[in-house]
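See structure below.
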Amino acid sequence: MRCDQTAAWKALQNHASGFAGFDLREAFKADASRATGLSQSAPHVFADLSKNHTDSATEALLLELAQQTGLTQHRDAMFRGEPINTTEDRAVMHWLLRQPVGSAVRAELVEAHQQVHTTLDAMLAYAEQVRSDSTITDVVNIGIGGSDLGPQMAVLALQDFVIAGKRFHFVSNVDGHELATVLKGLKAQNTLFLIASKTFTTLETMTNARSALAWFQAQGGHDVARHFAALSTNVEAAAALGIRTTFGFWDWVGGRYSMWSAIGLPIAIAIGAQGFRQLLTGAHAMDQHFQSAPLAQNLPVRLGLLDVWYRNFLGYTSRSIAPYHSGLRRLPAYLQQLEMESNGKRVDRTGQALPYGTSPVLWGEPGTNGQHAYFQMLHQGTDVVPLEFVAVKKPAHALADHHELLLANAIAQAQALMQGQHDAGGHRHFTGNRPSTFLLLDELTPASLGALIALQEHRVFVSGAIWGINSFDQWGVELGKVLAKDIHARLQSGDASGLDPSTAALLARLR
Ligand code: F6P
């Protein structure tokens, strides 16, 4: 049943109307067990949810909403490999990429699982070969969106596990400044280009790949087979470009869910086969938690339901993410695609327009930097923006005082957002009662990163399932691609016929 037609939705609306006076400080006073009751451990991740605008009654109603909208059935359909991406008639099985050899797999999926491991073994063997090849000093990943953000985010996050003596570059934008800047520092004979594209048709990636090939040949490079590899579901298109080494994946892996597939090759080269397997193991542990933990103690479920509560009942339209670890500086960008490309939809699974809001706006920067930039608005602005902290207990460096200061700042910000400041008036007054979630990892390792990312994937699944949308297509990106082709031709020809006056004037200026 569509979420807004359930009894739980009505009950949540009533509950929300009585919630206007909810105050976090009072809630803690009234319930001595609030911090523990609203905390949740999951594999590699501890979450303190207690500084959120929620209580046990809200959680109980949200669980009813989950039950009345068939969340577990939808989840189980995904894990059975059913084509829940209905508009593209595809299964959604990124989780199968992390399912270990020897684990129980449904009979229908045995073949796919075998292919996953055959490809994984080949890709990891290749990664090890590149790692031991000292003549390759630079690895350039050319890809965009899901074929860029995951590997880039993970290689940065796992910097302390990255092999010495190799540099990793990520070129995504069609803006030639990006590729030109990277190429300037490279030597053809020392460079490996990875052309990462699920479809192998994406304008940016194809343009960058062709320019990289031309550069390689102009530099006297001739062994394309050794210096170029493709990561794609479209093996034929890669071959047509002259690339012979290709690691494939399957249409049931969505682009923004693909860092576990061949798209993860830069990660595997960076951290090695064993590290990549640990990344998969951490994610698999979170898959199991999502599948088997009771909903009331299921972290992706609790987070996803909280997202629905905030979006649809309390009217919070955005969520800010603050990783208190500089290695996680690309995490907000990664999560933006994950959340907003998955759940930025205005129709339900049958194509009917929805009368309620879906994806929040996601944004953020690493702490403490954000504190000195936009946290002002979080503390004293007119909009309430729930903030999600991601902190790591153990640093990978020996500057202990830095790490203590970093963690102190994260905790203090969560505290300040909640407590506010009342003994000062006017500009110095902080209302407090601002919500936040605190996610904590013991260490930032391949396994804990895998678990953290799988957690985020599943929480996006949960809110998308409640909203009744297809979180696995992205038709909204198509129109711009078509129009860009048309405008590109017009930039060359000067033909402005039929264009609106604004577009025509911009075209004239840019010619
Ligand atoms: O245009 C959006 C999109 O299709 C994303 O969903 C995807 O991650 C990205 O482009 C890159 O696509 P591809 O891997 O096919 O080049």
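Naming scheme: A, B, ... for chains in displayed order of the structure tokens; residues 1 onward per chain; ligands 1 onward as shown.
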
Could you pull the residues within 9 Å of A:Leu407, counting only C-alpha atoms, minus those fewer than 2 positions along the same chain, as an mmCIF file with N, CA, C and O atoms, in the first residue's frame?
data_model
loop_
_atom_site.group_PDB
_atom_site.id
_atom_site.type_symbol
_atom_site.label_atom_id
_atom_site.label_comp_id
_atom_site.auth_asym_id
_atom_site.auth_seq_id
_atom_site.Cartn_x
_atom_site.Cartn_y
_atom_site.Cartn_z
ATOM 1 N N TYR A 324 34.232 13.467 10.280
ATOM 2 C CA TYR A 324 35.365 13.980 11.071
ATOM 3 C C TYR A 324 36.562 13.066 10.826
ATOM 4 O O TYR A 324 37.066 12.393 11.731
ATOM 5 N N ALA A 391 32.577 9.724 12.765
ATOM 6 C CA ALA A 391 33.860 9.884 13.444
ATOM 7 C C ALA A 391 34.556 8.531 13.541
ATOM 8 O O ALA A 391 33.916 7.481 13.453
ATOM 9 N N VAL A 392 35.875 8.581 13.700
ATOM 10 C CA VAL A 392 36.686 7.364 13.778
ATOM 11 C C VAL A 392 37.500 7.438 15.064
ATOM 12 O O VAL A 392 38.212 8.412 15.301
ATOM 13 N N LYS A 393 37.367 6.405 15.888
ATOM 14 C CA LYS A 393 37.991 6.453 17.215
ATOM 15 C C LYS A 393 39.521 6.482 17.138
ATOM 16 O O LYS A 393 40.169 7.298 17.761
ATOM 17 N N HIS A 402 46.156 15.904 18.063
ATOM 18 C CA HIS A 402 45.283 16.338 16.971
ATOM 19 C C HIS A 402 43.981 15.549 16.986
ATOM 20 O O HIS A 402 42.893 16.088 16.821
ATOM 21 N N HIS A 403 44.144 14.240 17.159
ATOM 22 C CA HIS A 403 42.952 13.399 17.058
ATOM 23 C C HIS A 403 41.994 13.651 18.220
ATOM 24 O O HIS A 403 40.773 13.667 18.042
ATOM 25 N N GLU A 404 42.575 13.886 19.384
ATOM 26 C CA GLU A 404 41.716 14.211 20.534
ATOM 27 C C GLU A 404 40.943 15.498 20.289
ATOM 28 O O GLU A 404 39.757 15.593 20.585
ATOM 29 N N LEU A 405 41.656 16.470 19.735
ATOM 30 C CA LEU A 405 40.991 17.750 19.431
ATOM 31 C C LEU A 405 39.895 17.563 18.396
ATOM 32 O O LEU A 405 38.816 18.150 18.493
ATOM 33 N N ASN A 409 35.938 18.137 19.125
ATOM 34 C CA ASN A 409 35.119 19.056 18.329
ATOM 35 C C ASN A 409 33.846 18.393 17.828
ATOM 36 O O ASN A 409 32.777 18.997 17.849
ATOM 37 N N ALA A 410 33.962 17.155 17.372
ATOM 38 C CA ALA A 410 32.765 16.464 16.868
ATOM 39 C C ALA A 410 31.739 16.330 17.988
ATOM 40 O O ALA A 410 30.558 16.676 17.811
ATOM 41 N N ILE A 411 32.178 15.857 19.134
ATOM 42 C CA ILE A 411 31.235 15.664 20.251
ATOM 43 C C ILE A 411 30.672 17.013 20.693
ATOM 44 O O ILE A 411 29.471 17.157 20.950
ATOM 45 N N ALA A 412 31.545 18.009 20.773
ATOM 46 C CA ALA A 412 31.097 19.337 21.238
ATOM 47 C C ALA A 412 30.073 19.943 20.288
ATOM 48 O O ALA A 412 29.116 20.596 20.722
#

Please produce, as CSV, a per-residue contact table for chain A versus ligand 1 (criterion: any atom at most 6 Å away, only C-alpha atoms and all ligand atoms considered), showing the nearest atom pair and its distance in Å to one decimal, sorted by chain then residue number.
residue,atom,partner,partner_atom_place_in_ligand_line,distance
A:Ile144,CA,ligand 1,11 (C),5.0
A:Gly145,CA,ligand 1,8 (O),4.0
A:Gly146,CA,ligand 1,8 (O),3.4
A:Ser147,CA,ligand 1,14 (O),4.8
A:Ser197,CA,ligand 1,14 (O),3.4
A:Lys198,CA,ligand 1,14 (O),3.7
A:Thr199,CA,ligand 1,15 (O),3.7
A:Phe200,CA,ligand 1,15 (O),5.6
A:Thr202,CA,ligand 1,16 (O),4.5
A:Gly255,CA,ligand 1,8 (O),3.9
A:Arg256,CA,ligand 1,8 (O),5.0
A:Val477,CA,ligand 1,1 (O),5.2

Can you write just those residues out, all heavy atoms, as a PDB file, in the first residue's frame?
ATOM      1  N   ILE A 144      32.905   8.707 -14.585  1.00  0.00           N
ATOM      2  CA  ILE A 144      32.125   9.781 -13.951  1.00  0.00           C
ATOM      3  C   ILE A 144      30.947   9.179 -13.179  1.00  0.00           C
ATOM      4  O   ILE A 144      30.553   8.035 -13.442  1.00  0.00           O
ATOM      5  CB  ILE A 144      31.664  10.815 -15.018  1.00  0.00           C
ATOM      6  CG1 ILE A 144      31.242  12.142 -14.374  1.00  0.00           C
ATOM      7  CG2 ILE A 144      30.555  10.254 -15.906  1.00  0.00           C
ATOM      8  CD1 ILE A 144      31.156  13.322 -15.347  1.00  0.00           C
ATOM      9  N   GLY A 145      30.412   9.926 -12.242  1.00  0.00           N
ATOM     10  CA  GLY A 145      29.288   9.441 -11.439  1.00  0.00           C
ATOM     11  C   GLY A 145      29.708   8.209 -10.657  1.00  0.00           C
ATOM     12  O   GLY A 145      30.771   8.183 -10.024  1.00  0.00           O
ATOM     13  N   GLY A 146      28.913   7.161 -10.758  1.00  0.00           N
ATOM     14  CA  GLY A 146      29.221   5.929 -10.033  1.00  0.00           C
ATOM     15  C   GLY A 146      30.525   5.286 -10.481  1.00  0.00           C
ATOM     16  O   GLY A 146      31.092   4.462  -9.766  1.00  0.00           O
ATOM     17  N   SER A 147      31.021   5.653 -11.642  1.00  0.00           N
ATOM     18  CA  SER A 147      32.273   5.077 -12.138  1.00  0.00           C
ATOM     19  C   SER A 147      33.480   5.922 -11.721  1.00  0.00           C
ATOM     20  O   SER A 147      34.590   5.722 -12.219  1.00  0.00           O
ATOM     21  CB  SER A 147      32.212   4.945 -13.666  1.00  0.00           C
ATOM     22  OG  SER A 147      31.132   4.112 -14.017  1.00  0.00           O
ATOM     23  N   SER A 197      33.305   2.728 -17.221  1.00  0.00           N
ATOM     24  CA  SER A 197      31.980   3.185 -17.622  1.00  0.00           C
ATOM     25  C   SER A 197      31.067   1.980 -17.765  1.00  0.00           C
ATOM     26  O   SER A 197      31.345   1.091 -18.582  1.00  0.00           O
ATOM     27  CB  SER A 197      32.054   3.948 -18.952  1.00  0.00           C
ATOM     28  OG  SER A 197      30.754   4.283 -19.376  1.00  0.00           O
ATOM     29  N   LYS A 198      30.019   1.950 -17.000  1.00  0.00           N
ATOM     30  CA  LYS A 198      29.082   0.833 -17.085  1.00  0.00           C
ATOM     31  C   LYS A 198      28.576   0.678 -18.520  1.00  0.00           C
ATOM     32  O   LYS A 198      28.600  -0.390 -19.085  1.00  0.00           O
ATOM     33  CB  LYS A 198      27.920   1.061 -16.120  1.00  0.00           C
ATOM     34  CG  LYS A 198      26.873  -0.027 -16.171  1.00  0.00           C
ATOM     35  CD  LYS A 198      25.773   0.197 -15.150  1.00  0.00           C
ATOM     36  CE  LYS A 198      24.623  -0.775 -15.406  1.00  0.00           C
ATOM     37  NZ  LYS A 198      23.522  -0.643 -14.484  1.00  0.00           N
ATOM     38  N   THR A 199      28.151   1.795 -19.121  1.00  0.00           N
ATOM     39  CA  THR A 199      27.538   1.739 -20.450  1.00  0.00           C
ATOM     40  C   THR A 199      28.560   1.857 -21.580  1.00  0.00           C
ATOM     41  O   THR A 199      28.305   1.463 -22.704  1.00  0.00           O
ATOM     42  CB  THR A 199      26.551   2.904 -20.611  1.00  0.00           C
ATOM     43  OG1 THR A 199      27.273   4.127 -20.333  1.00  0.00           O
ATOM     44  CG2 THR A 199      25.386   2.778 -19.652  1.00  0.00           C
ATOM     45  N   PHE A 200      29.689   2.452 -21.293  1.00  0.00           N
ATOM     46  CA  PHE A 200      30.706   2.796 -22.295  1.00  0.00           C
ATOM     47  C   PHE A 200      30.126   3.692 -23.394  1.00  0.00           C
ATOM     48  O   PHE A 200      30.522   3.621 -24.564  1.00  0.00           O
ATOM     49  CB  PHE A 200      31.373   1.544 -22.894  1.00  0.00           C
ATOM     50  CG  PHE A 200      32.872   1.612 -22.794  1.00  0.00           C
ATOM     51  CD1 PHE A 200      33.507   1.347 -21.591  1.00  0.00           C
ATOM     52  CD2 PHE A 200      33.664   1.979 -23.886  1.00  0.00           C
ATOM     53  CE1 PHE A 200      34.894   1.442 -21.465  1.00  0.00           C
ATOM     54  CE2 PHE A 200      35.043   2.084 -23.778  1.00  0.00           C
ATOM     55  CZ  PHE A 200      35.656   1.810 -22.568  1.00  0.00           C
ATOM     56  N   THR A 202      29.026   7.037 -22.112  1.00  0.00           N
ATOM     57  CA  THR A 202      28.917   8.324 -21.429  1.00  0.00           C
ATOM     58  C   THR A 202      29.847   9.360 -22.060  1.00  0.00           C
ATOM     59  O   THR A 202      31.058   9.126 -22.188  1.00  0.00           O
ATOM     60  CB  THR A 202      29.229   8.134 -19.922  1.00  0.00           C
ATOM     61  OG1 THR A 202      28.335   7.139 -19.435  1.00  0.00           O
ATOM     62  CG2 THR A 202      29.033   9.411 -19.129  1.00  0.00           C
ATOM     63  N   GLY A 255      25.023   1.918 -11.394  1.00  0.00           N
ATOM     64  CA  GLY A 255      26.265   2.697 -11.416  1.00  0.00           C
ATOM     65  C   GLY A 255      26.679   3.177 -10.035  1.00  0.00           C
ATOM     66  O   GLY A 255      27.844   3.050  -9.637  1.00  0.00           O
ATOM     67  N   ARG A 256      25.738   3.725  -9.276  1.00  0.00           N
ATOM     68  CA  ARG A 256      26.090   4.270  -7.948  1.00  0.00           C
ATOM     69  C   ARG A 256      26.250   3.187  -6.896  1.00  0.00           C
ATOM     70  O   ARG A 256      26.503   3.489  -5.729  1.00  0.00           O
ATOM     71  CB  ARG A 256      25.059   5.317  -7.530  1.00  0.00           C
ATOM     72  CG  ARG A 256      23.621   4.851  -7.566  1.00  0.00           C
ATOM     73  CD  ARG A 256      22.641   6.013  -7.478  1.00  0.00           C
ATOM     74  NE  ARG A 256      21.266   5.590  -7.701  1.00  0.00           N
ATOM     75  CZ  ARG A 256      20.683   5.447  -8.900  1.00  0.00           C
ATOM     76  NH1 ARG A 256      21.380   5.713  -9.991  1.00  0.00           N
ATOM     77  NH2 ARG A 256      19.431   5.066  -9.010  1.00  0.00           N
ATOM     78  N   VAL A 477      18.322  12.057 -15.591  1.00  0.00           N
ATOM     79  CA  VAL A 477      19.586  12.579 -16.124  1.00  0.00           C
ATOM     80  C   VAL A 477      19.582  12.601 -17.661  1.00  0.00           C
ATOM     81  O   VAL A 477      20.497  13.138 -18.273  1.00  0.00           O
ATOM     82  CB  VAL A 477      20.803  11.756 -15.621  1.00  0.00           C
ATOM     83  CG1 VAL A 477      20.893  11.797 -14.110  1.00  0.00           C
ATOM     84  CG2 VAL A 477      20.718  10.316 -16.105  1.00  0.00           C
TER      85      VAL A 477
END

Each residue of stretch 276-388 of chain A with at least one atom at most 8 Å from stretch 83-99 of chain A should appear once, together with its nearest atom pair and the corresponding distance in Å (one decimal); atoms considered: only C-alpha atoms; ordering: chain, then increasing residue number; output as CSV.
residue,atom,partner,partner_atom,distance
A:Leu280,CA,A:Arg98,CA,4.8
A:Thr281,CA,A:Arg98,CA,6.5
A:Ala283,CA,A:Arg98,CA,6.7
A:His284,CA,A:Arg98,CA,5.4
A:Asp287,CA,A:Trp95,CA,6.9
A:Arg349,CA,A:Thr86,CA,7.4

Once you have the residues from the selection above, write them out as a PDB file, in the first residue's frame, restricted to N, CA and C atoms.
ATOM      1  N   LEU A 280      34.891  -5.951   0.817  1.00  0.00           N
ATOM      2  CA  LEU A 280      33.691  -6.729   0.489  1.00  0.00           C
ATOM      3  C   LEU A 280      33.147  -7.436   1.739  1.00  0.00           C
ATOM      4  N   THR A 281      34.061  -7.926   2.569  1.00  0.00           N
ATOM      5  CA  THR A 281      33.632  -8.640   3.773  1.00  0.00           C
ATOM      6  C   THR A 281      32.873  -7.715   4.722  1.00  0.00           C
ATOM      7  N   ALA A 283      31.207  -5.025   3.915  1.00  0.00           N
ATOM      8  CA  ALA A 283      29.907  -4.710   3.316  1.00  0.00           C
ATOM      9  C   ALA A 283      28.960  -5.898   3.468  1.00  0.00           C
ATOM     10  N   HIS A 284      29.507  -7.106   3.296  1.00  0.00           N
ATOM     11  CA  HIS A 284      28.669  -8.306   3.421  1.00  0.00           C
ATOM     12  C   HIS A 284      28.116  -8.441   4.845  1.00  0.00           C
ATOM     13  N   ASP A 287      25.219  -6.331   4.962  1.00  0.00           N
ATOM     14  CA  ASP A 287      24.105  -6.950   4.223  1.00  0.00           C
ATOM     15  C   ASP A 287      23.375  -7.942   5.121  1.00  0.00           C
ATOM     16  N   ARG A 349       6.327   3.610  -8.135  1.00  0.00           N
ATOM     17  CA  ARG A 349       6.842   2.542  -9.009  1.00  0.00           C
ATOM     18  C   ARG A 349       5.953   2.300 -10.215  1.00  0.00           C
TER      19      ARG A 349
END

Exercise for the section: For A:Glu26, list every protein, DNA or RNA residue within 12 Å, evaluated using only C-alpha atoms, and leave out those in the same chain fewer than 6 positions away; present the list as a ChimeraX atom specification. Expected result: /A:32,34,51,53,55,418-419,432-433

Could you take the residues named above and write them with all heavy atoms, as a PDB file, in the first residue's frame?
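Output (part.pdb):
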ATOM      1  N   ALA A  32      15.678   8.317  31.249  1.00  0.00           N
ATOM      2  CA  ALA A  32      17.074   8.071  31.631  1.00  0.00           C
ATOM      3  C   ALA A  32      17.754   7.100  30.666  1.00  0.00           C
ATOM      4  O   ALA A  32      18.983   7.071  30.566  1.00  0.00           O
ATOM      5  CB  ALA A  32      17.115   7.526  33.057  1.00  0.00           C
ATOM      6  N   ARG A  34      17.323   7.015  27.395  1.00  0.00           N
ATOM      7  CA  ARG A  34      17.216   7.484  26.006  1.00  0.00           C
ATOM      8  C   ARG A  34      18.500   7.225  25.196  1.00  0.00           C
ATOM      9  O   ARG A  34      18.434   6.750  24.060  1.00  0.00           O
ATOM     10  CB  ARG A  34      16.882   8.990  26.006  1.00  0.00           C
ATOM     11  CG  ARG A  34      16.703   9.547  24.603  1.00  0.00           C
ATOM     12  CD  ARG A  34      16.297  11.007  24.588  1.00  0.00           C
ATOM     13  NE  ARG A  34      16.376  11.513  23.238  1.00  0.00           N
ATOM     14  CZ  ARG A  34      15.394  11.445  22.344  1.00  0.00           C
ATOM     15  NH1 ARG A  34      14.226  10.944  22.672  1.00  0.00           N
ATOM     16  NH2 ARG A  34      15.560  11.877  21.117  1.00  0.00           N
ATOM     17  N   LYS A  51      20.210  11.992  19.806  1.00  0.00           N
ATOM     18  CA  LYS A  51      20.065  13.450  19.687  1.00  0.00           C
ATOM     19  C   LYS A  51      19.211  13.797  18.470  1.00  0.00           C
ATOM     20  O   LYS A  51      19.416  14.817  17.817  1.00  0.00           O
ATOM     21  CB  LYS A  51      21.432  14.116  19.615  1.00  0.00           C
ATOM     22  CG  LYS A  51      22.246  14.014  20.907  1.00  0.00           C
ATOM     23  CD  LYS A  51      23.384  15.019  20.907  1.00  0.00           C
ATOM     24  CE  LYS A  51      24.406  14.766  21.973  1.00  0.00           C
ATOM     25  NZ  LYS A  51      25.318  13.630  21.670  1.00  0.00           N
ATOM     26  N   HIS A  53      15.217  14.200  16.728  1.00  0.00           N
ATOM     27  CA  HIS A  53      13.837  14.549  17.085  1.00  0.00           C
ATOM     28  C   HIS A  53      12.952  13.317  16.912  1.00  0.00           C
ATOM     29  O   HIS A  53      12.202  13.193  15.935  1.00  0.00           O
ATOM     30  CB  HIS A  53      13.337  15.698  16.209  1.00  0.00           C
ATOM     31  CG  HIS A  53      13.998  16.997  16.524  1.00  0.00           C
ATOM     32  ND1 HIS A  53      13.800  18.140  15.786  1.00  0.00           N
ATOM     33  CD2 HIS A  53      14.875  17.337  17.509  1.00  0.00           C
ATOM     34  CE1 HIS A  53      14.522  19.128  16.310  1.00  0.00           C
ATOM     35  NE2 HIS A  53      15.185  18.665  17.342  1.00  0.00           N
ATOM     36  N   ASP A  55      11.366   9.699  19.378  1.00  0.00           N
ATOM     37  CA  ASP A  55      11.268   9.023  20.677  1.00  0.00           C
ATOM     38  C   ASP A  55      10.735   7.615  20.426  1.00  0.00           C
ATOM     39  O   ASP A  55      10.511   7.230  19.277  1.00  0.00           O
ATOM     40  CB  ASP A  55      10.383   9.812  21.648  1.00  0.00           C
ATOM     41  CG  ASP A  55       8.990  10.069  21.098  1.00  0.00           C
ATOM     42  OD1 ASP A  55       8.600   9.390  20.123  1.00  0.00           O
ATOM     43  OD2 ASP A  55       8.300  10.955  21.644  1.00  0.00           O
ATOM     44  N   MET A 418      22.498  20.556  20.279  1.00  0.00           N
ATOM     45  CA  MET A 418      21.379  20.147  21.136  1.00  0.00           C
ATOM     46  C   MET A 418      21.128  21.141  22.272  1.00  0.00           C
ATOM     47  O   MET A 418      19.996  21.563  22.493  1.00  0.00           O
ATOM     48  CB  MET A 418      21.651  18.770  21.729  1.00  0.00           C
ATOM     49  CG  MET A 418      20.593  18.382  22.759  1.00  0.00           C
ATOM     50  SD  MET A 418      20.774  16.727  23.351  1.00  0.00           S
ATOM     51  CE  MET A 418      22.156  16.883  24.446  1.00  0.00           C
ATOM     52  N   GLN A 419      22.192  21.506  22.961  1.00  0.00           N
ATOM     53  CA  GLN A 419      21.997  22.309  24.186  1.00  0.00           C
ATOM     54  C   GLN A 419      21.655  23.758  23.912  1.00  0.00           C
ATOM     55  O   GLN A 419      20.879  24.365  24.632  1.00  0.00           O
ATOM     56  CB  GLN A 419      23.259  22.244  25.048  1.00  0.00           C
ATOM     57  CG  GLN A 419      23.372  20.932  25.770  1.00  0.00           C
ATOM     58  CD  GLN A 419      24.574  20.883  26.684  1.00  0.00           C
ATOM     59  OE1 GLN A 419      25.438  21.755  26.620  1.00  0.00           O
ATOM     60  NE2 GLN A 419      24.636  19.867  27.509  1.00  0.00           N
ATOM     61  N   GLY A 432      19.312  25.887  20.354  1.00  0.00           N
ATOM     62  CA  GLY A 432      19.578  24.472  20.643  1.00  0.00           C
ATOM     63  C   GLY A 432      18.458  23.610  20.079  1.00  0.00           C
ATOM     64  O   GLY A 432      17.730  24.025  19.168  1.00  0.00           O
ATOM     65  N   ASN A 433      18.360  22.379  20.612  1.00  0.00           N
ATOM     66  CA  ASN A 433      17.336  21.440  20.134  1.00  0.00           C
ATOM     67  C   ASN A 433      17.508  21.127  18.647  1.00  0.00           C
ATOM     68  O   ASN A 433      16.544  20.854  17.952  1.00  0.00           O
ATOM     69  CB  ASN A 433      15.928  22.001  20.413  1.00  0.00           C
ATOM     70  CG  ASN A 433      14.861  20.922  20.289  1.00  0.00           C
ATOM     71  OD1 ASN A 433      15.127  19.743  20.553  1.00  0.00           O
ATOM     72  ND2 ASN A 433      13.673  21.304  19.864  1.00  0.00           N
TER      73      ASN A 433
END

Practice task
Please provide as a PyMOL selection string all residues within 12 Å of A:Gly102, with the sequence filter that same-chain residues fewer than 6 positions apart are discarded (counting only C-alpha atoms).
Solution key: chain A and resi 110+113-114+117

Practice task
Can you list, as a PyMOL selection string, all residues belonging to stretch 79-207 of chain A that DSSP tags as alpha helix (DSSP H)?
Solution key: chain A and resi 79+110-132+149-157+176-184+203-207

Problem - Near-A:Leu314 list (9 Å; only C-alpha atoms; drop same-chain fewer than 3 positions) as a VMD selection string - result: chain A and resid 16 to 17 19 to 20 53 309 to 311 317

Output the selection as a PDB file, in the first residue's frame - C-alpha atoms for each residue.
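Written out: out.pdb:
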ATOM      1  CA  ALA A  16       3.934  14.922  14.474  1.00  0.00           C
ATOM      2  CA  SER A  17       1.335  17.589  15.199  1.00  0.00           C
ATOM      3  CA  PHE A  19       5.552  16.935  18.408  1.00  0.00           C
ATOM      4  CA  ALA A  20       5.968  20.671  17.800  1.00  0.00           C
ATOM      5  CA  HIS A  53      13.837  14.549  17.085  1.00  0.00           C
ATOM      6  CA  TRP A 309      10.054  10.980   9.552  1.00  0.00           C
ATOM      7  CA  TYR A 310      12.164  14.076   9.004  1.00  0.00           C
ATOM      8  CA  ARG A 311      11.249  14.540   5.364  1.00  0.00           C
ATOM      9  CA  THR A 317      14.257  18.978   3.521  1.00  0.00           C
TER      10      THR A 317
END

Handout entry: Counting only C-alpha atoms, the option among A:Gly275, A:Gly468, A:Gly242, A:Pro395 closest to A:Lys345
Key = A:Gly468

Any idea what's packed within 6 Å of stretch 165-182 of chain A, counting only C-alpha atoms, ignoring anything in its chain fewer than 4 positions away? Could you give it as a JSON list (two decimals) with all heavy atoms, in the first residue's frame?
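Okay, this is what ended up in part.json:
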[["chain", "number", "residue", "atom", "x", "y", "z"],
["A", 137, "THR", "N", 53.81, 3.88, -12.48],
["A", 137, "THR", "CA", 53.84, 4.77, -11.31],
["A", 137, "THR", "C", 52.54, 5.57, -11.16],
["A", 137, "THR", "O", 52.28, 6.11, -10.09],
["A", 137, "THR", "CB", 55.00, 5.78, -11.43],
["A", 137, "THR", "OG1", 54.83, 6.48, -12.68],
["A", 137, "THR", "CG2", 56.35, 5.09, -11.40],
["A", 138, "ASP", "N", 51.75, 5.63, -12.24],
["A", 138, "ASP", "CA", 50.53, 6.44, -12.20],
["A", 138, "ASP", "C", 49.35, 5.66, -12.75],
["A", 138, "ASP", "O", 49.43, 5.08, -13.84],
["A", 138, "ASP", "CB", 50.71, 7.73, -13.01],
["A", 138, "ASP", "CG", 51.71, 8.66, -12.35],
["A", 138, "ASP", "OD1", 52.92, 8.48, -12.57],
["A", 138, "ASP", "OD2", 51.26, 9.52, -11.57],
["A", 139, "VAL", "N", 48.29, 5.65, -11.98],
["A", 139, "VAL", "CA", 47.05, 5.00, -12.42],
["A", 139, "VAL", "C", 46.00, 6.10, -12.57],
["A", 139, "VAL", "O", 45.75, 6.86, -11.63],
["A", 139, "VAL", "CB", 46.59, 3.95, -11.38],
["A", 139, "VAL", "CG1", 45.27, 3.31, -11.81],
["A", 139, "VAL", "CG2", 47.66, 2.88, -11.17],
["A", 140, "VAL", "N", 45.43, 6.19, -13.77],
["A", 140, "VAL", "CA", 44.45, 7.25, -14.03],
["A", 140, "VAL", "C", 43.09, 6.61, -14.27],
["A", 140, "VAL", "O", 42.91, 5.86, -15.24],
["A", 140, "VAL", "CB", 44.84, 8.08, -15.29],
["A", 140, "VAL", "CG1", 43.84, 9.21, -15.51],
["A", 140, "VAL", "CG2", 46.25, 8.63, -15.15],
["A", 141, "ASN", "N", 42.15, 6.86, -13.38],
["A", 141, "ASN", "CA", 40.79, 6.36, -13.59],
["A", 141, "ASN", "C", 40.00, 7.41, -14.35],
["A", 141, "ASN", "O", 39.89, 8.56, -13.90],
["A", 141, "ASN", "CB", 40.12, 6.09, -12.24],
["A", 141, "ASN", "CG", 38.80, 5.34, -12.40],
["A", 141, "ASN", "OD1", 38.80, 4.13, -12.64],
["A", 141, "ASN", "ND2", 37.68, 6.05, -12.30],
["A", 142, "ILE", "N", 39.47, 7.01, -15.50],
["A", 142, "ILE", "CA", 38.62, 7.91, -16.27],
["A", 142, "ILE", "C", 37.20, 7.37, -16.19],
["A", 142, "ILE", "O", 36.90, 6.29, -16.68],
["A", 142, "ILE", "CB", 39.11, 8.01, -17.74],
["A", 142, "ILE", "CG1", 40.49, 8.68, -17.77],
["A", 142, "ILE", "CG2", 38.10, 8.77, -18.60],
["A", 142, "ILE", "CD1", 41.07, 8.87, -19.16],
["A", 143, "GLY", "N", 36.34, 8.10, -15.52],
["A", 143, "GLY", "CA", 34.95, 7.67, -15.34],
["A", 143, "GLY", "C", 34.21, 8.80, -14.64],
["A", 143, "GLY", "O", 34.83, 9.74, -14.14],
["A", 144, "ILE", "N", 32.91, 8.71, -14.59],
["A", 144, "ILE", "CA", 32.13, 9.78, -13.95],
["A", 144, "ILE", "C", 30.95, 9.18, -13.18],
["A", 144, "ILE", "O", 30.55, 8.04, -13.44],
["A", 144, "ILE", "CB", 31.66, 10.81, -15.02],
["A", 144, "ILE", "CG1", 31.24, 12.14, -14.37],
["A", 144, "ILE", "CG2", 30.56, 10.25, -15.91],
["A", 144, "ILE", "CD1", 31.16, 13.32, -15.35],
["A", 204, "GLU", "N", 31.24, 12.21, -21.30],
["A", 204, "GLU", "CA", 32.44, 12.69, -20.61],
["A", 204, "GLU", "C", 33.56, 11.66, -20.67],
["A", 204, "GLU", "O", 34.70, 11.96, -21.01],
["A", 204, "GLU", "CB", 32.13, 12.99, -19.13],
["A", 204, "GLU", "CG", 31.23, 14.17, -18.88],
["A", 204, "GLU", "CD", 29.75, 13.84, -18.93],
["A", 204, "GLU", "OE1", 29.37, 12.79, -19.51],
["A", 204, "GLU", "OE2", 28.96, 14.63, -18.38]]

Handout entry: Those in stretch 294-459 of chain A with strand (DSSP E or B) from DSSP, as a VMD selection string
Key = chain A and resid 318 to 324 347 353 361 to 363 387 to 394 421 430 436 to 443

Exercise for the section: Using only C-alpha atoms, determine which residues lie at most 6 Å from A:Pro366, disregarding the query and same-chain residues fewer than 6 positions distant; provide the list as an MDAnalysis selection string. Expected result: chainID A and resid 322:324 329
